[in-house]
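Peer 1: Supplied structure: my_file.pdb, PDB, C-alpha atoms.
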```pdb
ATOM      1  CA  GLY A 155       0.000   0.000   0.000
ATOM      2  CA  GLN A 156       0.919   3.667  -0.141
ATOM      3  CA  LEU A 157       3.469   4.741   2.450
ATOM      4  CA  PRO A 158       2.579   7.784   4.562
ATOM      5  CA  GLY A 159       4.064  10.955   3.147
ATOM      6  CA  VAL A 160       5.296   9.426  -0.133
ATOM      7  CA  GLY A 161       3.782  10.800  -3.304
ATOM      8  CA  SER A 162       2.407   8.594  -6.056
ATOM      9  CA  GLY A 163       2.423  11.005  -8.976
ATOM     10  CA  ASP A 164       4.130  10.407 -12.307
ATOM     11  CA  GLY A 165       7.728  11.383 -12.903
ATOM     12  CA  ARG A 166      10.319  12.611 -10.481
ATOM     13  CA  GLY A 167       9.161  14.943  -7.757
ATOM     14  CA  ALA A 168      10.654  17.306  -5.209
ATOM     15  CA  PHE A 169      10.842  14.943  -2.261
ATOM     16  CA  ARG A 170      11.707  16.481   1.060
ATOM     17  CA  LEU A 171      13.619  14.744   3.810
ATOM     18  CA  LEU A 172      12.684  16.028   7.254
ATOM     19  CA  THR A 173      16.223  16.140   8.587
ATOM     20  CA  GLY A 174      16.307  17.593  12.067
ATOM     21  CA  LYS A 175      12.526  18.021  12.204
ATOM     22  CA  GLY A 176      10.336  15.941  14.436
ATOM     23  CA  ARG A 177      13.330  13.963  15.626
ATOM     24  CA  PRO A 178      13.252  12.868  19.268
ATOM     25  CA  GLN A 179      15.878  14.445  21.451
ATOM     26  CA  ALA A 180      18.635  12.037  22.450
ATOM     27  CA  ARG A 181      18.557  10.929  26.071
ATOM     28  CA  SER A 182      19.825   8.209  28.312
ATOM     29  CA  LEU A 183      17.322   5.399  28.037
ATOM     30  CA  SER A 184      17.992   3.483  31.212
ATOM     31  CA  GLY A 185      17.441   6.161  33.827
ATOM     32  CA  ARG A 186      21.137   6.179  34.727
ATOM     33  CA  ASP A 187      22.386   9.345  36.335
ATOM     34  CA  GLY A 188      23.896  11.812  33.946
ATOM     35  CA  GLU A 189      25.699  15.090  34.411
ATOM     36  CA  GLY A 190      24.866  16.672  37.775
ATOM     37  CA  GLY A 191      23.553  13.377  39.119
ATOM     38  CA  SER A 192      20.009  13.998  37.924
ATOM     39  CA  ALA A 193      18.190  10.883  36.760
ATOM     40  CA  ARG A 194      17.158  11.042  33.114
ATOM     41  CA  LYS A 195      13.470  10.932  32.342
ATOM     42  CA  VAL A 196      11.884   8.462  29.993
ATOM     43  CA  THR A 197      11.474  10.390  26.732
ATOM     44  CA  SER A 198       9.839  10.114  23.344
ATOM     45  CA  GLN A 199      13.003   8.309  22.216
ATOM     46  CA  THR A 200      12.343   5.528  24.722
ATOM     47  CA  ARG A 201       8.688   5.357  23.773
ATOM     48  CA  SER A 202       9.589   5.244  20.094
ATOM     49  CA  LEU A 203      12.032   2.382  20.610
ATOM     50  CA  LYS A 204       9.474   0.418  22.591
ATOM     51  CA  ARG A 205       6.730   1.104  20.063
ATOM     52  CA  GLY A 206       8.930   0.194  17.115
ATOM     53  CA  CYS A 207      10.101  -2.964  18.847
ATOM     54  CA  ARG A 208       6.534  -4.261  18.970
ATOM     55  CA  ASP A 209       7.191  -5.440  15.438
ATOM     56  CA  PRO A 210       6.591  -9.213  15.647
ATOM     57  CA  GLU A 211       9.609  -9.819  13.409
ATOM     58  CA  ALA A 212      11.979  -7.948  15.726
ATOM     59  CA  ALA A 213      14.056  -9.990  18.166
ATOM     60  CA  ARG A 214      13.246  -8.985  21.760
ATOM     61  CA  ASP A 215      16.341 -10.503  23.382
ATOM     62  CA  ILE A 216      19.790 -11.530  22.254
ATOM     63  CA  SER A 217      18.728 -15.144  22.708
ATOM     64  CA  ASP A 218      16.116 -14.567  19.983
ATOM     65  CA  LEU A 219      18.765 -13.777  17.376
ATOM     66  CA  SER A 220      19.719 -16.343  14.779
ATOM     67  CA  PRO A 221      23.378 -17.459  14.831
ATOM     68  CA  ARG A 222      24.069 -15.229  11.832
ATOM     69  CA  GLN A 223      22.375 -12.201  13.403
ATOM     70  CA  ARG A 224      24.230 -12.734  16.672
ATOM     71  CA  TRP A 225      27.570 -13.157  14.917
ATOM     72  CA  SER A 226      27.041 -10.012  12.831
ATOM     73  CA  THR A 227      25.837  -7.782  15.680
ATOM     74  CA  LEU A 228      28.401  -8.815  18.290
ATOM     75  CA  ARG A 229      31.140  -8.039  15.773
ATOM     76  CA  HIS A 230      29.811  -4.492  15.472
ATOM     77  CA  ILE A 231      29.985  -3.789  19.197
ATOM     78  CA  ILE A 232      33.317  -2.457  20.443
ATOM     79  CA  VAL A 233      34.190  -3.286  24.061
ATOM     80  CA  ASN A 234      36.159  -1.144  26.477
ATOM     81  CA  ASP A 235      36.675  -2.829  29.833
ATOM     82  CA  GLU A 236      38.479   0.083  31.492
ATOM     83  CA  TYR A 237      35.563   2.488  31.032
ATOM     84  CA  ARG A 238      32.975  -0.310  30.977
ATOM     85  CA  PHE A 239      31.127   0.576  27.791
ATOM     86  CA  LEU A 240      29.865  -1.118  24.646
ATOM     87  CA  TYR A 241      29.652   0.918  21.452
ATOM     88  CA  CYS A 242      27.764  -0.423  18.430
ATOM     89  CA  TYR A 243      29.359   1.356  15.525
ATOM     90  CA  VAL A 244      27.172   2.426  12.598
ATOM     91  CA  PRO A 245      29.086   3.392   9.441
ATOM     92  CA  LYS A 246      28.099   6.846   8.149
ATOM     93  CA  ALA A 247      26.909   7.904  11.619
ATOM     94  CA  ALA A 248      30.116   9.322  13.123
ATOM     95  CA  CYS A 249      31.677   5.885  13.622
ATOM     96  CA  THR A 250      35.142   6.985  12.439
ATOM     97  CA  THR A 251      35.156   9.863  14.916
ATOM     98  CA  TRP A 252      34.013   7.609  17.745
ATOM     99  CA  LYS A 253      36.706   5.077  16.879
ATOM    100  CA  ARG A 254      39.280   7.879  17.010
ATOM    101  CA  VAL A 255      38.037   8.827  20.475
ATOM    102  CA  ILE A 256      38.067   5.204  21.654
ATOM    103  CA  SER A 257      41.584   4.695  20.304
ATOM    104  CA  VAL A 258      42.734   7.583  22.532
ATOM    105  CA  LEU A 259      41.022   6.061  25.574
ATOM    106  CA  GLU A 260      42.822   2.803  24.785
ATOM    107  CA  GLY A 261      46.170   4.625  24.689
ATOM    108  CA  ARG A 262      46.866   4.048  21.002
ATOM    109  CA  PHE A 263      47.092   7.737  20.099
ATOM    110  CA  PRO A 264      47.544  10.948  22.109
ATOM    111  CA  SER A 265      44.643  12.817  20.471
ATOM    112  CA  PRO A 266      41.709  12.010  18.186
ATOM    113  CA  ASP A 267      42.884  14.831  15.927
ATOM    114  CA  HIS A 268      46.302  13.219  15.421
ATOM    115  CA  ILE A 269      45.731   9.721  14.065
ATOM    116  CA  HIS A 270      48.785   9.067  11.913
ATOM    117  CA  VAL A 271      47.380   6.012  10.166
ATOM    118  CA  ASP A 272      45.483   5.853   6.896
ATOM    119  CA  MET A 273      41.786   5.315   7.536
ATOM    120  CA  TYR A 274      41.651   1.933   5.794
ATOM    121  CA  ASN A 275      44.197   0.449   8.186
ATOM    122  CA  PHE A 276      42.752   2.402  11.097
ATOM    123  CA  HIS A 277      39.387   0.677  10.711
ATOM    124  CA  ARG A 278      41.122  -2.685  10.387
ATOM    125  CA  GLN A 279      42.948  -2.332  13.692
ATOM    126  CA  ASN A 280      42.623  -5.026  16.316
ATOM    127  CA  TRP A 281      39.496  -3.639  17.956
ATOM    128  CA  THR A 282      38.028  -5.639  20.816
ATOM    129  CA  TYR A 283      34.551  -6.755  19.799
ATOM    130  CA  LEU A 284      31.877  -8.325  21.961
ATOM    131  CA  GLY A 285      31.912 -11.292  19.609
ATOM    132  CA  HIS A 286      35.420 -12.159  20.807
ATOM    133  CA  PHE A 287      34.094 -13.213  24.217
ATOM    134  CA  PRO A 288      32.430 -16.446  25.390
ATOM    135  CA  ALA A 289      28.684 -16.415  26.047
ATOM    136  CA  ALA A 290      28.933 -15.816  29.816
ATOM    137  CA  SER A 291      31.239 -12.826  29.328
ATOM    138  CA  VAL A 292      28.950 -11.415  26.645
ATOM    139  CA  ALA A 293      25.956 -11.683  28.986
ATOM    140  CA  TYR A 294      27.850 -10.011  31.845
ATOM    141  CA  ARG A 295      28.923  -7.050  29.734
ATOM    142  CA  LEU A 296      25.483  -6.608  28.202
ATOM    143  CA  GLN A 297      24.001  -6.441  31.691
ATOM    144  CA  HIS A 298      26.591  -4.261  33.431
ATOM    145  CA  TYR A 299      28.274  -2.053  30.791
ATOM    146  CA  TYR A 300      27.008   1.238  29.380
ATOM    147  CA  LYS A 301      25.692   0.559  25.885
ATOM    148  CA  PHE A 302      25.351   3.266  23.248
ATOM    149  CA  MET A 303      24.991   3.809  19.517
ATOM    150  CA  PHE A 304      24.523   6.770  17.163
ATOM    151  CA  VAL A 305      22.075   7.129  14.270
ATOM    152  CA  ARG A 306      20.947   9.647  11.667
ATOM    153  CA  ASP A 307      17.993   9.889   9.321
ATOM    154  CA  PRO A 308      18.120   6.549   7.427
ATOM    155  CA  LEU A 309      17.849   8.025   3.925
ATOM    156  CA  ALA A 310      20.417  10.713   4.720
ATOM    157  CA  ARG A 311      22.759   7.863   5.619
ATOM    158  CA  VAL A 312      22.038   6.110   2.304
ATOM    159  CA  VAL A 313      22.864   9.307   0.422
ATOM    160  CA  SER A 314      26.051   9.770   2.439
ATOM    161  CA  ALA A 315      27.146   6.195   1.700
ATOM    162  CA  TYR A 316      26.605   6.705  -2.028
ATOM    163  CA  ARG A 317      28.499   9.992  -2.119
ATOM    164  CA  ASP A 318      31.407   8.690  -0.066
ATOM    165  CA  LYS A 319      31.799   5.240  -1.619
ATOM    166  CA  PHE A 320      30.809   5.807  -5.237
ATOM    167  CA  GLU A 321      31.212   9.512  -6.063
ATOM    168  CA  ARG A 322      34.339  10.587  -4.189
ATOM    169  CA  ARG A 323      36.369   7.388  -4.051
ATOM    170  CA  LEU A 324      36.228   3.750  -5.009
ATOM    171  CA  GLU A 325      37.716   1.470  -2.404
ATOM    172  CA  ALA A 326      38.204  -2.220  -3.126
ATOM    173  CA  PHE A 327      34.840  -3.168  -1.625
ATOM    174  CA  SER A 328      32.915  -0.369  -3.356
ATOM    175  CA  LEU A 329      34.525  -1.197  -6.713
ATOM    176  CA  LYS A 330      33.277  -4.755  -6.331
ATOM    177  CA  GLU A 331      29.818  -3.459  -5.406
ATOM    178  CA  ALA A 332      29.939  -1.130  -8.433
ATOM    179  CA  TRP A 333      30.655  -4.053 -10.755
ATOM    180  CA  ASN A 334      27.691  -5.923  -9.280
ATOM    181  CA  ILE A 335      25.474  -2.909  -9.906
ATOM    182  CA  LEU A 336      26.696  -2.532 -13.499
ATOM    183  CA  GLU A 337      26.082  -6.193 -14.274
ATOM    184  CA  ARG A 338      22.558  -6.114 -12.844
ATOM    185  CA  TYR A 339      21.244  -2.744 -13.978
ATOM    186  CA  ARG A 340      23.343  -1.189 -16.759
ATOM    187  CA  GLN A 341      21.876  -1.890 -20.172
ATOM    188  CA  GLY A 342      24.035  -2.785 -23.163
ATOM    189  CA  THR A 343      27.645  -3.884 -23.476
ATOM    190  CA  LEU A 344      30.005  -2.577 -20.818
ATOM    191  CA  SER A 345      33.079  -0.709 -22.023
ATOM    192  CA  LEU A 346      36.548  -1.034 -20.545
ATOM    193  CA  ASN A 347      36.058   2.402 -18.992
ATOM    194  CA  ASP A 348      32.817   1.208 -17.360
ATOM    195  CA  VAL A 349      34.752  -1.583 -15.687
ATOM    196  CA  SER A 350      37.838   0.401 -14.667
ATOM    197  CA  HIS A 351      35.984   3.611 -13.704
ATOM    198  CA  PRO A 352      32.351   2.686 -13.053
ATOM    199  CA  ASN A 353      30.132   5.743 -12.846
ATOM    200  CA  ILE A 354      27.238   4.457 -10.768
ATOM    201  CA  THR A 355      24.184   6.712 -10.710
ATOM    202  CA  PHE A 356      22.237   7.269  -7.521
ATOM    203  CA  PRO A 357      19.067   5.598  -8.894
ATOM    204  CA  GLU A 358      21.151   2.538  -9.874
ATOM    205  CA  PHE A 359      22.616   2.391  -6.387
ATOM    206  CA  VAL A 360      19.188   2.735  -4.770
ATOM    207  CA  GLN A 361      17.763  -0.023  -6.975
ATOM    208  CA  TYR A 362      20.625  -2.242  -5.797
ATOM    209  CA  VAL A 363      19.869  -1.404  -2.165
ATOM    210  CA  VAL A 364      16.159  -2.054  -2.650
ATOM    211  CA  ASP A 365      16.834  -5.443  -4.243
ATOM    212  CA  SER A 366      19.267  -6.564  -1.505
ATOM    213  CA  ALA A 367      18.311  -8.526   1.602
ATOM    214  CA  PRO A 368      19.323  -6.477   4.701
ATOM    215  CA  PRO A 369      21.446  -9.204   6.358
ATOM    216  CA  TYR A 370      23.598  -9.345   3.213
ATOM    217  CA  MET A 371      23.916  -5.600   2.627
ATOM    218  CA  ASN A 372      27.213  -3.828   3.019
ATOM    219  CA  GLU A 373      27.502  -2.369   6.518
ATOM    220  CA  HIS A 374      27.610   1.193   5.180
ATOM    221  CA  TRP A 375      23.944   1.021   4.210
ATOM    222  CA  ARG A 376      22.658  -1.979   6.167
ATOM    223  CA  PRO A 377      19.649  -0.947   8.320
ATOM    224  CA  TYR A 378      20.255  -0.106  11.986
ATOM    225  CA  LEU A 379      17.950  -2.910  13.042
ATOM    226  CA  ASP A 380      20.212  -5.465  11.371
ATOM    227  CA  LEU A 381      23.485  -3.831  12.439
ATOM    228  CA  CYS A 382      22.880  -3.221  16.143
ATOM    229  CA  GLN A 383      19.651  -5.079  16.964
ATOM    230  CA  PRO A 384      18.251  -2.263  19.184
ATOM    231  CA  CYS A 385      15.218  -4.343  20.184
ATOM    232  CA  ALA A 386      17.287  -7.316  21.362
ATOM    233  CA  ILE A 387      20.078  -5.265  22.950
ATOM    234  CA  HIS A 388      18.759  -2.603  25.283
ATOM    235  CA  TYR A 389      20.983   0.411  24.698
ATOM    236  CA  ASP A 390      21.372   2.967  27.467
ATOM    237  CA  PHE A 391      21.818   5.835  25.038
ATOM    238  CA  VAL A 392      21.006   6.511  21.388
ATOM    239  CA  GLY A 393      22.642   9.658  20.059
ATOM    240  CA  HIS A 394      21.938  11.491  16.811
ATOM    241  CA  LEU A 395      24.181  12.990  14.177
ATOM    242  CA  ASP A 396      22.158  16.226  14.262
ATOM    243  CA  THR A 397      23.233  16.815  17.868
ATOM    244  CA  LEU A 398      26.480  14.873  17.723
ATOM    245  CA  GLU A 399      28.709  17.079  19.844
ATOM    246  CA  ASP A 400      26.216  17.491  22.701
ATOM    247  CA  ASP A 401      25.298  13.813  22.653
ATOM    248  CA  ALA A 402      28.958  12.779  22.596
ATOM    249  CA  LYS A 403      29.639  14.975  25.636
ATOM    250  CA  GLU A 404      26.793  13.189  27.405
ATOM    251  CA  VAL A 405      28.303   9.766  26.691
ATOM    252  CA  LEU A 406      31.839  10.791  27.686
ATOM    253  CA  SER A 407      30.492  12.270  30.913
ATOM    254  CA  VAL A 408      28.566   9.125  31.840
ATOM    255  CA  ILE A 409      31.565   6.834  31.238
ATOM    256  CA  CYS A 410      33.792   9.278  33.202
ATOM    257  CA  ALA A 411      36.081   9.946  30.249
ATOM    258  CA  ASP A 412      35.278  13.602  29.602
ATOM    259  CA  ASP A 413      38.525  14.655  31.304
ATOM    260  CA  LYS A 414      40.543  12.205  29.187
ATOM    261  CA  VAL A 415      39.487  13.111  25.657
ATOM    262  CA  LYS A 416      37.531  15.835  23.862
ATOM    263  CA  PHE A 417      35.164  14.825  21.116
ATOM    264  CA  PRO A 418      36.340  16.463  17.855
ATOM    265  CA  ALA A 419      34.179  19.147  16.286
ATOM    266  CA  ARG A 420      32.570  18.253  12.982
ATOM    267  CA  GLN A 421      34.253  19.752   9.956
ATOM    268  CA  ARG A 422      32.284  22.197   7.822
ATOM    269  CA  PHE A 423      32.485  19.776   4.894
ATOM    270  CA  TYR A 424      30.452  17.170   6.759
ATOM    271  CA  ARG A 425      27.909  19.703   7.899
ATOM    272  CA  HIS A 426      27.227  20.610   4.258
ATOM    273  CA  GLU A 427      27.141  16.955   3.174
ATOM    274  CA  SER A 428      24.441  16.224   5.754
ATOM    275  CA  SER A 429      22.352  19.292   4.970
ATOM    276  CA  GLU A 430      18.724  18.827   4.054
ATOM    277  CA  ASP A 431      19.193  20.432   0.637
ATOM    278  CA  ALA A 432      22.124  18.170  -0.212
ATOM    279  CA  VAL A 433      20.170  15.035   0.720
ATOM    280  CA  ASN A 434      17.026  16.171  -1.078
ATOM    281  CA  HIS A 435      19.042  16.812  -4.249
ATOM    282  CA  TYR A 436      19.720  13.078  -4.471
ATOM    283  CA  LEU A 437      16.272  11.924  -3.388
ATOM    284  CA  SER A 438      14.709  14.086  -6.103
ATOM    285  CA  GLN A 439      16.493  11.926  -8.703
ATOM    286  CA  LEU A 440      14.320   8.939  -7.750
ATOM    287  CA  SER A 441      10.970   8.058  -9.266
ATOM    288  CA  PRO A 442       8.074   7.984  -6.775
ATOM    289  CA  ASP A 443       7.973   4.189  -7.037
ATOM    290  CA  LEU A 444      11.679   3.769  -6.328
ATOM    291  CA  LEU A 445      11.566   6.226  -3.417
ATOM    292  CA  GLU A 446       8.611   4.360  -1.952
ATOM    293  CA  LYS A 447      10.558   1.092  -2.141
ATOM    294  CA  LEU A 448      13.603   2.714  -0.547
ATOM    295  CA  VAL A 449      11.573   4.125   2.338
ATOM    296  CA  SER A 450       9.969   0.727   2.803
ATOM    297  CA  LYS A 451      13.410  -0.843   3.077
ATOM    298  CA  TYR A 452      14.247   1.389   6.030
ATOM    299  CA  GLN A 453      10.757   1.908   7.457
ATOM    300  CA  ARG A 454      11.453  -0.194  10.548
ATOM    301  CA  ASP A 455      14.447   2.036  11.314
ATOM    302  CA  TYR A 456      12.217   5.091  10.877
ATOM    303  CA  ASN A 457       9.640   3.600  13.221
ATOM    304  CA  ILE A 458      12.085   2.462  15.895
ATOM    305  CA  PHE A 459      14.111   5.675  16.102
ATOM    306  CA  GLY A 460      11.209   8.089  15.624
ATOM    307  CA  TYR A 461      12.315   9.841  12.430
ATOM    308  CA  LYS A 462       9.729  11.401  10.138
ATOM    309  CA  LEU A 463       9.203   9.779   6.754
ATOM    310  CA  PRO A 464      10.135  11.826   3.668
ATOM    311  CA  VAL A 465       7.290  13.899   2.255
ATOM    312  CA  ARG A 466       6.437  15.099  -1.230
TER     313      ARG A 466
END
```
Could I get this structure in the form of structure tokens?

Peer 2:
Amino acid sequence: GQLPGVGSGDGRGAFRLLTGKGRPQARSLSGRDGEGGSARKVTSQTRSLKRGCRDPEAARDISDLSPRQRWSTLRHIIVNDEYRFLYCYVPKAACTTWKRVISVLEGRFPSPDHIHVDMYNFHRQNWTYLGHFPAASVAYRLQHYYKFMFVRDPLARVVSAYRDKFERRLEAFSLKEAWNILERYRQGTLSLNDVSHPNITFPEFVQYVVDSAPPYMNEHWRPYLDLCQPCAIHYDFVGHLDTLEDDAKEVLSVICADDKVKFPARQRFYRHESSEDAVNHYLSQLSPDLLEKLVSKYQRDYNIFGYKLPVR
């Protein structure tokens, strides 16, 4: 059926992503004491998570996850035993910055602004993941450690992944994905230039995303529900990219690390990339039918985290 807020007219329309509008304010979800010792109130974020997690297909506990789901999620949760936290990293939602901060807390680098390693190798460092531990240790940390993750509007994240991985640079994994897209959706005979320098359009990329099963998607555009399982793992805090610096201060304060490291300010480049106009420029390239399918792919993320659906 028709999705709320998605037009059904012919041709491409001016779709509008409601970035920063109607989004629940980030808060601690467990009632743990925050700055000043005042207990956090249950907010619309908590209510939204609970309401979204009523989905009968959503796992309610880690024991409900399939072996594949458990393996995938636990290998996205970084463990720090000194500060007793678990961080589920979400690519394209400040995960590189958070990893820089965590690397400082682990004593690998003196400052998050001075990471003298190329980013490819930086992400491939020997991070400690929850999946490295036996079941009893996993259960203990899930019960006693501070658990947090960061999100952004789901379609803004899809746009960011496309721009970063297919427009600006082609890493080994994105080149392979580009070849898959060309083979499936590009009509006619492929030229040598198509293969060596694939120019993937945004509608082609979106069609690829729409046709992919979430568990098998690349992590840069895999839905939050499949990455971090927020209904099965009860996070203490869900921060948002729109309020990244304030939310990061909240997390660092709660884990008692705010005197050890300062969360880096976002560069102006990233602020522009995430702007509503920039995102809408790409969404407007999609037909109403393709946009509807894309929203449907991420609708559970929209429901769980309380974001507004795009409107025409």

Peer 1: Name the residues captured by the PyMOL selection byres ((chain A and resi 212) around 10) when it is applied to the shown file; answer as a PyMOL selection string.

Peer 2: chain A and resi 206-211+213-215+218-219+379-380+383-386+454

Peer 1: How many Å separate atom CA of His435 of chain A from atom CA of Gln361 of chain A?

Peer 2: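 Here the two named atoms are 17.1 Å from each other.
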
Peer 1: Pull out every residue that the PyMOL selection byres ((chain A and resi 373) around 10) matches in the shown coordinates and put them as number ranges by chain.

Peer 2: A: 226, 230, 243-246, 315, 368-372, 374-378, 380-381

Peer 1: Hey, which of A:Asp412, A:Glu325, A:Glu430, A:Glu260 ends up closest to Val313 of chain A? Count all atoms listed in the file.

Peer 2: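 Once distances to Val313 of chain A are computed over all atoms listed in the file, the minimum belongs to A:Glu430.
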
Peer 1: Can you list, as a PyMOL selection string, every protein, DNA or RNA residue that comes within 10 Å of Trp281 of chain A when you count only C-alpha atoms, leaving out same-chain residues fewer than 4 positions away?

Peer 2: chain A and resi 229+231-234+253+256-257+260+276-277+286

Peer 1: Distance atom CA of Arg224 of chain A-atom CA of Ala289 of chain A, one decimal place?

Peer 2: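 If I compute the distance from atom CA of Arg224 of chain A to atom CA of Ala289 of chain A, I get 11.0 Å.
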
Peer 1: What is the atom CA of Val392 of chain A-atom CA of Phe304 of chain A distance in Å, reported with one decimal?

Peer 2: 5.5 Å

Peer 1: Nearest residue to Arg238 of chain A out of A:Gln297, A:Thr397, A:Ser366, A:Gln439, using only C-alpha atoms?

Peer 2: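 For Arg238 of chain A, the nearest of the candidates is A:Gln297.
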
Peer 1: Which residue is closest to Leu336 of chain A? Choose from A:Tyr237, A:Tyr299, A:Tyr436, A:Phe359 and count all atoms listed in the file.

Peer 2: A:Phe359

Peer 1: Which residues match the PyMOL selection byres ((chain A and resi 357) around 9) in the file above, as a PyMOL selection string?

Peer 2: chain A and resi 354-356+358-362+436-437+439-441+444

Peer 1: Scan for residues within 9 Å of the point (32.5, 8.3, 17.3) in the coordinates of the file, using only C-alpha atoms, and reply as a count of residues only.

Peer 2: 16

Peer 1: Just checking: using only C-alpha atoms, which residue out of A:Arg420, A:Tyr452, A:Phe302, A:His351 ends up closest to Glu404 of chain A?

Peer 2: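 Going through A:Arg420, A:Tyr452, A:Phe302, A:His351 one by one, the smallest distance to Glu404 of chain A is for A:Phe302.
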
Peer 1: Nearest residue to Arg338 of chain A out of A:Pro308, A:Val363, A:Pro221, A:Leu228, using all atoms listed in the file?

Peer 2: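 Using all atoms listed in the file, Arg338 of chain A sits closest to A:Val363.
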
Peer 1: Return the single residue from A:Glu399, A:Asp365, A:Asp455, A:Glu331 that is closest to Lys416 of chain A, with distances computed using all atoms listed in the file.

Peer 2: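 Ranked by minimum distance to Lys416 of chain A, first place goes to A:Glu399.
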
Peer 1: If you count only C-alpha atoms, which residues fall within 7 Å of Val305 of chain A, apart from same-chain ones fewer than 3 positions away, as a CSV table (one decimal) with C-alpha atoms, keeping the file's coordinate frame?

Peer 2:
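Listed below is the output, out-v4.csv:
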```
chain,number,residue,atom,x,y,z
A,247,ALA,CA,26.9,7.9,11.6
A,393,GLY,CA,22.6,9.7,20.1
A,394,HIS,CA,21.9,11.5,16.8
A,395,LEU,CA,24.2,13.0,14.2
```
